[in-house]
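Structure file structure_26.pdb with PDB, C-alpha atoms:
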ATOM      1  CA  MET K  26      -1.029  11.299 -14.386
ATOM      2  CA  GLN K  27      -1.357   9.608 -17.757
ATOM      3  CA  ILE K  28       1.402   7.136 -18.535
ATOM      4  CA  THR K  29       3.354   7.470 -21.777
ATOM      5  CA  SER K  30       6.069   4.874 -21.247
ATOM      6  CA  THR K  31       6.331   1.612 -23.173
ATOM      7  CA  LEU K  32       4.932  -0.122 -20.071
ATOM      8  CA  ALA K  33       1.594   1.697 -20.390
ATOM      9  CA  PRO K  34      -0.419  -1.424 -21.343
ATOM     10  CA  VAL K  35      -0.103  -2.653 -17.737
ATOM     11  CA  VAL K  36      -0.738   0.489 -15.669
ATOM     12  CA  THR K  37      -2.848   2.977 -17.595
ATOM     13  CA  GLU K  38      -2.769   5.755 -14.992
ATOM     14  CA  LEU K  39      -0.689   6.334 -11.865
ATOM     15  CA  ILE K  40      -3.057   8.263  -9.614
ATOM     16  CA  SER K  41      -0.653   8.809  -6.721
ATOM     17  CA  PHE K  42       2.634   7.624  -5.263
ATOM     18  CA  ASP K  43       3.481   7.909  -1.571
ATOM     19  CA  CYS K  44       6.758   6.910   0.050
ATOM     20  CA  ALA K  45       6.453   8.706   3.406
ATOM     21  CA  THR K  46       7.349   7.042   6.699
ATOM     22  CA  MET K  47       4.557   6.675   9.255
ATOM     23  CA  PRO K  48       5.107   7.649  12.910
ATOM     24  CA  ARG K  49       4.666   5.319  15.857
ATOM     25  CA  GLY K  50       1.002   4.701  16.674
ATOM     26  CA  TRP K  51      -0.322   5.769  13.264
ATOM     27  CA  GLN K  52      -3.426   4.139  11.877
ATOM     28  CA  SER K  53      -5.568   4.690   8.794
ATOM     29  CA  SER K  54      -9.213   5.625   8.844
ATOM     30  CA  PRO K  55     -11.669   2.822   9.640
ATOM     31  CA  MET K  56     -12.034   0.146   6.986
ATOM     32  CA  HIS K  57     -12.541   1.955   3.698
ATOM     33  CA  LEU K  58     -12.563   1.296  -0.041
ATOM     34  CA  HIS K  59     -11.970   3.232  -3.254
ATOM     35  CA  HIS K  60     -12.471   2.983  -6.988
ATOM     36  CA  PHE K  61      -8.880   2.258  -8.051
ATOM     37  CA  PHE K  62      -6.227  -0.400  -7.450
ATOM     38  CA  GLN K  63      -3.740   0.052  -4.622
ATOM     39  CA  LEU K  64      -0.383  -1.660  -4.205
ATOM     40  CA  ASP K  65       1.602  -1.340  -0.974
ATOM     41  CA  VAL K  66       5.128  -2.583  -0.284
ATOM     42  CA  LEU K  67       6.588  -2.422   3.240
ATOM     43  CA  LEU K  68      10.254  -1.351   3.195
ATOM     44  CA  ALA K  69      10.818  -1.120   6.966
ATOM     45  CA  GLY K  70       8.989  -1.561  10.273
ATOM     46  CA  ARG K  71       5.847  -3.567  10.922
ATOM     47  CA  LEU K  72       2.299  -2.916   9.765
ATOM     48  CA  THR K  73      -1.004  -4.628  10.549
ATOM     49  CA  VAL K  74      -3.148  -5.044   7.443
ATOM     50  CA  ARG K  75      -6.900  -5.617   7.603
ATOM     51  CA  VAL K  76      -8.832  -6.682   4.495
ATOM     52  CA  GLU K  77     -12.594  -7.278   4.568
ATOM     53  CA  ASP K  78     -13.375 -10.654   6.158
ATOM     54  CA  GLU K  79      -9.782 -11.904   6.245
ATOM     55  CA  ARG K  80      -7.895 -12.252   9.500
ATOM     56  CA  PRO K  81      -5.574  -9.277  10.132
ATOM     57  CA  PHE K  82      -1.955 -10.067   9.309
ATOM     58  CA  ARG K  83       1.258  -8.485  10.524
ATOM     59  CA  ALA K  84       3.320  -7.485   7.503
ATOM     60  CA  ARG K  85       7.119  -7.631   7.595
ATOM     61  CA  PRO K  86       9.618  -5.687   5.464
ATOM     62  CA  GLY K  87       9.524  -7.033   1.929
ATOM     63  CA  GLU K  88       5.846  -7.969   2.021
ATOM     64  CA  GLY K  89       3.309  -6.278  -0.198
ATOM     65  CA  TRP K  90      -0.392  -6.486  -0.902
ATOM     66  CA  LEU K  91      -2.422  -5.683  -3.989
ATOM     67  CA  ILE K  92      -5.891  -4.350  -3.182
ATOM     68  CA  PRO K  93      -8.430  -4.223  -6.043
ATOM     69  CA  PRO K  94     -11.149  -1.573  -6.298
ATOM     70  CA  LEU K  95     -14.119  -1.830  -3.931
ATOM     71  CA  VAL K  96     -12.316  -4.062  -1.401
ATOM     72  CA  ARG K  97     -12.504  -2.757   2.176
ATOM     73  CA  HIS K  98      -9.167  -2.416   3.957
ATOM     74  CA  GLY K  99      -7.328  -0.566   6.708
ATOM     75  CA  PHE K 100      -3.882  -0.351   8.309
ATOM     76  CA  GLU K 101      -2.366   0.282  11.730
ATOM     77  CA  GLN K 102       0.998  -0.008  13.453
ATOM     78  CA  ASN K 103       2.669   0.759  16.764
ATOM     79  CA  THR K 104       6.374   0.782  15.929
ATOM     80  CA  GLY K 105       6.691   3.102  12.936
ATOM     81  CA  ALA K 106       6.777   1.908   9.351
ATOM     82  CA  TRP K 107       7.957   2.807   5.871
ATOM     83  CA  PRO K 108       5.456   1.637   3.254
ATOM     84  CA  VAL K 109       5.422   2.576  -0.420
ATOM     85  CA  THR K 110       1.951   3.014  -1.874
ATOM     86  CA  PHE K 111       0.854   3.181  -5.505
ATOM     87  CA  LYS K 112      -2.724   4.054  -6.427
ATOM     88  CA  PHE K 113      -3.381   3.312 -10.060
ATOM     89  CA  ARG K 114      -5.673   2.101 -12.824
ATOM     90  CA  LEU K 115      -4.868  -1.314 -14.206
ATOM     91  CA  ALA K 116      -5.331  -2.206 -17.862
ATOM     92  CA  PRO K 117      -8.448  -4.422 -18.213
ATOM     93  CA  ALA K 118      -6.370  -7.199 -19.780
ATOM     94  CA  TYR K 119      -4.822  -7.801 -16.347
ATOM     95  CA  TRP K 120      -8.011  -7.768 -14.297
ATOM     96  CA  PRO K 121      -8.472 -11.559 -14.598
ATOM     97  CA  ALA K 122      -4.955 -12.049 -13.207
ATOM     98  CA  ALA K 123      -5.827  -9.772 -10.273
ATOM     99  CA  LYS K 124      -8.949 -11.875  -9.603
ATOM    100  CA  LEU K 125     -10.469  -8.774  -7.932
ATOM    101  CA  ARG K 126      -9.329  -9.938  -4.516
ATOM    102  CA  CYS K 127      -6.504  -8.926  -2.218
ATOM    103  CA  ARG K 128      -3.286 -10.865  -2.680
ATOM    104  CA  HIS K 129      -0.117 -10.909  -0.584
ATOM    105  CA  VAL K 130       3.238 -10.797  -2.351
ATOM    106  CA  TRP K 131       6.870 -11.078  -1.276
ATOM    107  CA  PHE K 132       8.944  -8.533  -3.208
ATOM    108  CA  PRO K 133      12.584  -9.296  -4.068
ATOM    109  CA  ARG K 134      15.353  -7.075  -2.738
ATOM    110  CA  TYR K 135      16.145  -5.463  -6.093
ATOM    111  CA  LEU K 136      12.571  -4.133  -6.392
ATOM    112  CA  ARG K 137      12.617  -2.813  -2.826
ATOM    113  CA  GLU K 138      15.872  -0.997  -3.541
ATOM    114  CA  MET K 139      14.360   0.503  -6.690
ATOM    115  CA  LEU K 140      11.335   1.642  -4.680
ATOM    116  CA  ALA K 141      13.532   3.327  -2.085
ATOM    117  CA  VAL K 142      15.394   5.224  -4.810
ATOM    118  CA  ALA K 143      12.173   6.166  -6.634
ATOM    119  CA  GLY K 144      10.721   7.476  -3.388
ATOM    120  CA  ARG K 145      13.420  10.109  -3.116
ATOM    121  CA  GLY K 146      12.405  11.710  -6.407
ATOM    122  CA  ARG K 147       9.893  14.570  -6.462
ATOM    123  CA  PRO K 148       7.837  15.161  -8.454
ATOM    124  CA  VAL K 149       6.982  11.673  -9.664
ATOM    125  CA  ALA K 150       9.452  10.830 -12.391
ATOM    126  CA  ALA K 151       9.260   8.439 -15.314
ATOM    127  CA  ARG K 152      11.350   5.951 -13.341
ATOM    128  CA  THR K 153       8.623   5.895 -10.672
ATOM    129  CA  ILE K 154       6.075   4.882 -13.292
ATOM    130  CA  ALA K 155       8.378   2.150 -14.530
ATOM    131  CA  VAL K 156       9.033   0.835 -11.018
ATOM    132  CA  ALA K 157       5.310   0.893 -10.252
ATOM    133  CA  THR K 158       4.635  -1.199 -13.331
ATOM    134  CA  LEU K 159       7.362  -3.696 -12.418
ATOM    135  CA  CYS K 160       5.859  -4.044  -8.943
ATOM    136  CA  VAL K 161       2.382  -4.561 -10.354
ATOM    137  CA  LEU K 162       3.698  -7.251 -12.682
ATOM    138  CA  GLU K 163       5.426  -8.907  -9.726
ATOM    139  CA  ALA K 164       2.129  -8.932  -7.827
ATOM    140  CA  LEU K 165       0.326 -10.450 -10.819
ATOM    141  CA  ALA K 166       3.115 -12.825 -11.797
ATOM    142  CA  LYS K 167       1.293 -16.004 -10.855
ATOM    143  CA  ASP K 168      -2.319 -17.064 -10.955
ATOM    144  CA  GLU K 169      -3.738 -20.147  -9.266
ATOM    145  CA  ARG K 170      -1.961 -22.382 -11.808
ATOM    146  CA  GLY K 171       1.391 -20.693 -11.255
ATOM    147  CA  VAL K 172       1.673 -18.823 -14.559
ATOM    148  CA  LEU K 173       0.537 -15.465 -15.844
ATOM    149  CA  PRO K 174      -2.459 -16.030 -18.153
ATOM    150  CA  ASP K 175      -1.541 -15.685 -21.805
ATOM    151  CA  PRO K 176      -4.316 -13.997 -23.816
ATOM    152  CA  VAL K 177      -3.036 -15.579 -27.040
ATOM    153  CA  LEU K 178      -3.758 -19.081 -25.688
ATOM    154  CA  ASP K 179      -7.345 -18.340 -24.757
ATOM    155  CA  PRO K 180      -9.757 -17.253 -27.514
ATOM    156  CA  PHE K 181     -12.320 -16.030 -25.004
ATOM    157  CA  ARG K 182      -9.784 -13.842 -23.206
ATOM    158  CA  GLN K 183      -8.625 -12.519 -26.558
ATOM    159  CA  SER K 184     -12.131 -11.317 -27.406
ATOM    160  CA  LEU K 185     -12.966 -10.229 -23.856
ATOM    161  CA  TYR K 186     -10.092  -7.779 -23.358
ATOM    162  CA  PRO K 187     -11.173  -5.329 -26.104
ATOM    163  CA  LEU K 188     -14.697  -5.443 -24.681
ATOM    164  CA  LEU K 189     -13.446  -4.606 -21.182
ATOM    165  CA  GLU K 190     -11.470  -1.705 -22.650
ATOM    166  CA  ARG K 191     -14.626  -0.345 -24.284
ATOM    167  CA  ILE K 192     -16.619  -0.698 -21.063
ATOM    168  CA  GLU K 193     -13.921   1.012 -18.979
ATOM    169  CA  GLN K 194     -13.720   3.891 -21.467
ATOM    170  CA  ALA K 195     -17.508   4.396 -21.617
ATOM    171  CA  PRO K 196     -19.167   2.540 -18.704
ATOM    172  CA  GLN K 197     -22.365   4.554 -19.077
ATOM    173  CA  THR K 198     -23.091   2.812 -22.400
ATOM    174  CA  ALA K 199     -26.241   0.699 -22.217
ATOM    175  CA  TRP K 200     -24.596  -2.714 -22.353
ATOM    176  CA  SER K 201     -26.697  -5.849 -21.983
ATOM    177  CA  VAL K 202     -25.246  -9.294 -21.336
ATOM    178  CA  ALA K 203     -26.596 -10.384 -24.734
ATOM    179  CA  ARG K 204     -24.795  -7.518 -26.461
ATOM    180  CA  MET K 205     -21.574  -8.284 -24.600
ATOM    181  CA  ALA K 206     -21.809 -11.954 -25.595
ATOM    182  CA  ALA K 207     -22.495 -11.039 -29.213
ATOM    183  CA  THR K 208     -19.435  -8.756 -29.214
ATOM    184  CA  CYS K 209     -17.344 -11.772 -28.147
ATOM    185  CA  HIS K 210     -19.118 -14.032 -30.692
ATOM    186  CA  VAL K 211     -20.297 -16.556 -28.096
ATOM    187  CA  SER K 212     -23.618 -17.548 -26.550
ATOM    188  CA  VAL K 213     -24.963 -15.723 -23.508
ATOM    189  CA  ASP K 214     -24.558 -18.803 -21.300
ATOM    190  CA  HIS K 215     -20.968 -19.407 -22.413
ATOM    191  CA  PHE K 216     -20.121 -15.732 -22.003
ATOM    192  CA  SER K 217     -21.593 -15.516 -18.502
ATOM    193  CA  ARG K 218     -19.873 -18.709 -17.390
ATOM    194  CA  CYS K 219     -16.430 -17.722 -18.718
ATOM    195  CA  PHE K 220     -16.767 -14.140 -17.505
ATOM    196  CA  HIS K 221     -17.491 -15.284 -13.981
ATOM    197  CA  ARG K 222     -14.609 -17.756 -14.051
ATOM    198  CA  LEU K 223     -12.141 -15.060 -15.109
ATOM    199  CA  LEU K 224     -13.352 -12.104 -13.047
ATOM    200  CA  GLY K 225     -15.140 -13.741 -10.138
ATOM    201  CA  GLN K 226     -18.372 -11.804 -10.668
ATOM    202  CA  THR K 227     -21.312 -11.675 -13.045
ATOM    203  CA  PRO K 228     -21.268  -9.413 -16.115
ATOM    204  CA  ARG K 229     -24.115  -7.323 -14.660
ATOM    205  CA  ARG K 230     -22.224  -6.749 -11.429
ATOM    206  CA  TYR K 231     -19.099  -5.790 -13.354
ATOM    207  CA  LEU K 232     -21.080  -3.260 -15.411
ATOM    208  CA  LEU K 233     -22.574  -1.705 -12.285
ATOM    209  CA  GLU K 234     -19.193  -1.470 -10.578
ATOM    210  CA  ALA K 235     -17.571  -0.004 -13.710
ATOM    211  CA  ARG K 236     -20.225   2.705 -13.832
ATOM    212  CA  MET K 237     -19.810   3.516 -10.133
ATOM    213  CA  ARG K 238     -16.002   3.545 -10.386
ATOM    214  CA  ALA K 239     -16.257   6.107 -13.178
ATOM    215  CA  ALA K 240     -18.686   8.181 -11.121
ATOM    216  CA  ALA K 241     -16.344   8.059  -8.115
ATOM    217  CA  ALA K 242     -13.451   9.231 -10.279
ATOM    218  CA  ALA K 243     -15.572  12.134 -11.536
ATOM    219  CA  LEU K 244     -16.583  13.091  -7.986
ATOM    220  CA  LEU K 245     -12.942  13.422  -6.940
ATOM    221  CA  GLY K 246     -11.511  14.657 -10.240
ATOM    222  CA  GLU K 247     -14.151  17.353 -10.760
ATOM    223  CA  PRO K 248     -14.973  18.615  -7.248
ATOM    224  CA  ALA K 249     -17.071  21.548  -8.523
ATOM    225  CA  ARG K 250     -19.234  19.426 -10.811
ATOM    226  CA  PRO K 251     -22.791  18.987  -9.466
ATOM    227  CA  ILE K 252     -23.702  15.475  -8.381
ATOM    228  CA  LYS K 253     -26.822  15.711 -10.545
ATOM    229  CA  GLU K 254     -24.628  16.095 -13.652
ATOM    230  CA  ILE K 255     -22.628  13.018 -12.678
ATOM    231  CA  ALA K 256     -25.867  11.114 -12.071
ATOM    232  CA  ASP K 257     -27.130  12.153 -15.517
ATOM    233  CA  ALA K 258     -23.843  11.117 -17.133
ATOM    234  CA  SER K 259     -24.145   7.763 -15.370
ATOM    235  CA  GLU K 260     -27.552   7.293 -17.036
ATOM    236  CA  TYR K 261     -29.598   7.535 -13.835
ATOM    237  CA  ALA K 262     -32.978   9.262 -14.031
ATOM    238  CA  THR K 263     -32.755  10.763 -10.540
ATOM    239  CA  VAL K 264     -30.060  11.708  -8.066
ATOM    240  CA  HIS K 265     -31.794   9.508  -5.501
ATOM    241  CA  ALA K 266     -31.492   6.389  -7.697
ATOM    242  CA  PHE K 267     -27.871   7.215  -8.479
ATOM    243  CA  SER K 268     -27.028   7.813  -4.814
ATOM    244  CA  ALA K 269     -28.634   4.512  -3.792
ATOM    245  CA  ALA K 270     -26.624   2.588  -6.406
ATOM    246  CA  PHE K 271     -23.424   4.446  -5.499
ATOM    247  CA  LYS K 272     -23.836   3.747  -1.775
ATOM    248  CA  LYS K 273     -24.561   0.087  -2.503
ATOM    249  CA  ILE K 274     -21.204  -0.269  -4.267
ATOM    250  CA  LEU K 275     -18.930   2.191  -2.450
ATOM    251  CA  GLY K 276     -20.452   2.132   1.014
ATOM    252  CA  ARG K 277     -21.228   5.849   1.307
ATOM    253  CA  SER K 278     -23.189   8.496  -0.544
ATOM    254  CA  PRO K 279     -21.628  10.419  -3.459
ATOM    255  CA  ALA K 280     -21.421  13.571  -1.318
ATOM    256  CA  ALA K 281     -19.700  11.686   1.513
ATOM    257  CA  TYR K 282     -17.280  10.030  -0.891
ATOM    258  CA  ARG K 283     -16.357  13.444  -2.270
ATOM    259  CA  ARG K 284     -15.811  14.848   1.237
ATOM    260  CA  VAL K 285     -13.630  11.990   2.477
ATOM    261  CA  GLN K 286     -10.614  11.647   0.215
ATOM    262  CA  PRO K 287      -9.537   7.968   0.016
ATOM    263  CA  GLU K 288      -6.607   7.357   2.342
ATOM    264  CA  LEU K 289      -3.695   4.928   2.304
TER     265      LEU K 289
END
Go through the file and emit its structure as C-alpha cells.
Amino acid sequence: MQITSTLAPVVTELISFDCATMPRGWQSSPMHLHHFFQLDVLLAGRLTVRVEDERPFRARPGEGWLIPPLVRHGFEQNTGAWPVTFKFRLAPAYWPAAKLRCRHVWFPRYLREMLAVAGRGRPVAARTIAVATLCVLEALAKDERGVLPDPVLDPFRQSLYPLLERIEQAPQTAWSVARMAATCHVSVDHFSRCFHRLLGQTPRRYLLEARMRAAAAALLGEPARPIKEIADASEYATVHAFSAAFKKILGRSPAAYRRVQPEL
C-alpha cells in the first residue's frame, strides 16, 4: 500500500496493519526476522517480547516496541492480548533515529485510543496510515541526546539522506564506499566514520543488507518470479552465491523465506 498522505516522508509504505486479539496461550513462530520495520503497541493483556540477545520482557498495556529490519524477535503470552501491529517501510531520513535496534516506547493514552478506533476500520483507511505515522514518530521522538535529529543542523546528514534514498530505490547499483563518499563530498574515512556513528554499521554492510531487503521484498511480492531472476537482478552471478548471501543476512534460504511468510 503506497502512502499518498502529507505524512508520506516518514512512512513510505504501510505493508500491513493487524489489530486482532490473540487467544490465551498463543505464541509466534520461533525467533524470526524480516526485511521491513515493525511497530507493535499493546492495548490490553500481557505479552512476553523476545528480541535477539536481550532479556525477555513482559509488556504491559501502553507499551510498544519498534523492531528494525533483520532483528530477530518473537512473542508469547498466556493470558490473551490485544496488540496492534504495523509493518512498514521507513523513509531513509529516519533510519539514523531508529539506530537499527529495537527500542521500547510508552505510548500516551490518546494514541492508544486512536489505534483502537483505527483497528475497527476495514479495509485500511487513510486514518490508519496517519495513525501509523504518528506512532512511528512517537517511537522515534528521542535519540540518545533526548531530541529528534534535525537534518538541517548536520551537513553530513543533509547529504547522506538523498544518498540513502537512491540506494533504497536501486540497491543493486554497484556502489563503492569511495563513490558514496564522493556523492556526499567528503573523504572516505570521514564518510565511513560518520556513517557508522549514525547507522551503527559500516557502509558495506548497509549496502549488502539493502540489496537483500530488496530481494526479500521481491520474493514475497512476486511469488511466481524465479529465484534465478531475482538473483540476476541483485547482481549475483549464480543462484548459489545469491542464496549464500541471502541466508547470511536473513537466516534462511530465499526459497525458505518465500515459503514462510513473516509473522507478527
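All residues of protein, DNA or RNA that reach within 9 Å of region 136-140 of chain K, judged by only C-alpha atoms and not counting those fewer than 2 positions away in the chain, are Cys44, Val66, Leu67, Leu68, Gly87, Val109, Phe132, Pro133, Arg134, Val142, Ala143, Gly144, Arg145, Thr153, Val156, Ala157, Leu159 and Cys160 of chain K.
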> Once you count all atoms listed in the file, which residues end up no further than 12 Å from (-29.9, 7.0, -6.0) in the file's frame, shown as a PyMOL selection string?
Replying inline: chain K and resi 237+252-253+255-257+259-274+277-280
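Atom to atom, CA of Trp90 (chain K) and CA of Leu189 (chain K) stand 24.2 Å apart.
CA of Leu58 (chain K) lies 21.4 Å from CA of Trp107 (chain K).
If only C-alpha atoms are the atoms counted, then among K:Arg229, K:Arg71, K:Pro180, K:His221 the closest residue to Val202 (chain K) is K:Arg229.
Surrounding residues of (-13.1, -3.7, -18.2) at most 9 Å away are Ala116, Pro117, Ala118, Trp120, Leu185, Tyr186, Pro187, Leu188, Leu189, Glu190, Arg191, Ile192, Glu193, Gln194, Pro196, Tyr231, Leu232 and Ala235 of chain K (based on only C-alpha atoms).
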The selected residues should be written to file as an mmCIF file, keeping the file's coordinate frame (atoms: C-alpha atoms).
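Contents of again19.cif, as written:
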data_model
loop_
_atom_site.group_PDB
_atom_site.id
_atom_site.type_symbol
_atom_site.label_atom_id
_atom_site.label_comp_id
_atom_site.auth_asym_id
_atom_site.auth_seq_id
_atom_site.Cartn_x
_atom_site.Cartn_y
_atom_site.Cartn_z
ATOM 1 C CA ALA K 116 -5.331 -2.206 -17.862
ATOM 2 C CA PRO K 117 -8.448 -4.422 -18.213
ATOM 3 C CA ALA K 118 -6.370 -7.199 -19.780
ATOM 4 C CA TRP K 120 -8.011 -7.768 -14.297
ATOM 5 C CA LEU K 185 -12.966 -10.229 -23.856
ATOM 6 C CA TYR K 186 -10.092 -7.779 -23.358
ATOM 7 C CA PRO K 187 -11.173 -5.329 -26.104
ATOM 8 C CA LEU K 188 -14.697 -5.443 -24.681
ATOM 9 C CA LEU K 189 -13.446 -4.606 -21.182
ATOM 10 C CA GLU K 190 -11.470 -1.705 -22.650
ATOM 11 C CA ARG K 191 -14.626 -0.345 -24.284
ATOM 12 C CA ILE K 192 -16.619 -0.698 -21.063
ATOM 13 C CA GLU K 193 -13.921 1.012 -18.979
ATOM 14 C CA GLN K 194 -13.720 3.891 -21.467
ATOM 15 C CA PRO K 196 -19.167 2.540 -18.704
ATOM 16 C CA TYR K 231 -19.099 -5.790 -13.354
ATOM 17 C CA LEU K 232 -21.080 -3.260 -15.411
ATOM 18 C CA ALA K 235 -17.571 -0.004 -13.710
#
> Smallest atom-to-atom distance to Phe61 (chain K): which of K:Arg83, K:Arg238, K:His210, K:Arg230, using only C-alpha atoms?
Replying inline: K:Arg238
> So which one's closest to Arg222 (chain K), K:Ala122, K:Ala106, K:Val74, K:Leu115? Using all atoms listed in the file, please.
Replying inline: K:Ala122
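The space between CA of Gly70 (chain K) and CA of Ala123 (chain K) spans 26.6 Å.
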>> For the provided coordinates, the residues matched by the PyMOL selection byres ((chain K and resi 82) around 12) should be stated as a ChimeraX atom specification.
In response: /K:71-81,83-85,88-90,98-102,129
>> Just want the 9 Å neighbourhood of Thr158 (chain K), counted on all atoms listed in the file, with same-chain residues fewer than 2 positions away dropped. Output as a VMD selection string.
In response: chain K and resid 32 to 33 35 to 36 153 to 156 160 to 163
>> I need the output of the PyMOL selection byres ((chain K and resi 93) around 7) for this file as a list in words; which residues are they?
In response: Phe61, Phe62, Gln63, Leu91, Ile92, Pro94, Leu95, Val96, Leu125, Arg126 and Cys127 of chain K
>> I need the residue nearest Ser212 (chain K) from this list: K:Gln197, K:Gln226, K:Phe181, K:Arg128. Use all atoms listed in the file for the distance.
In response: K:Phe181
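Nearest residue to Ser217 (chain K), choosing from K:Leu233, K:Ala243, K:Ala141, K:Met205 and counting only C-alpha atoms: K:Met205.
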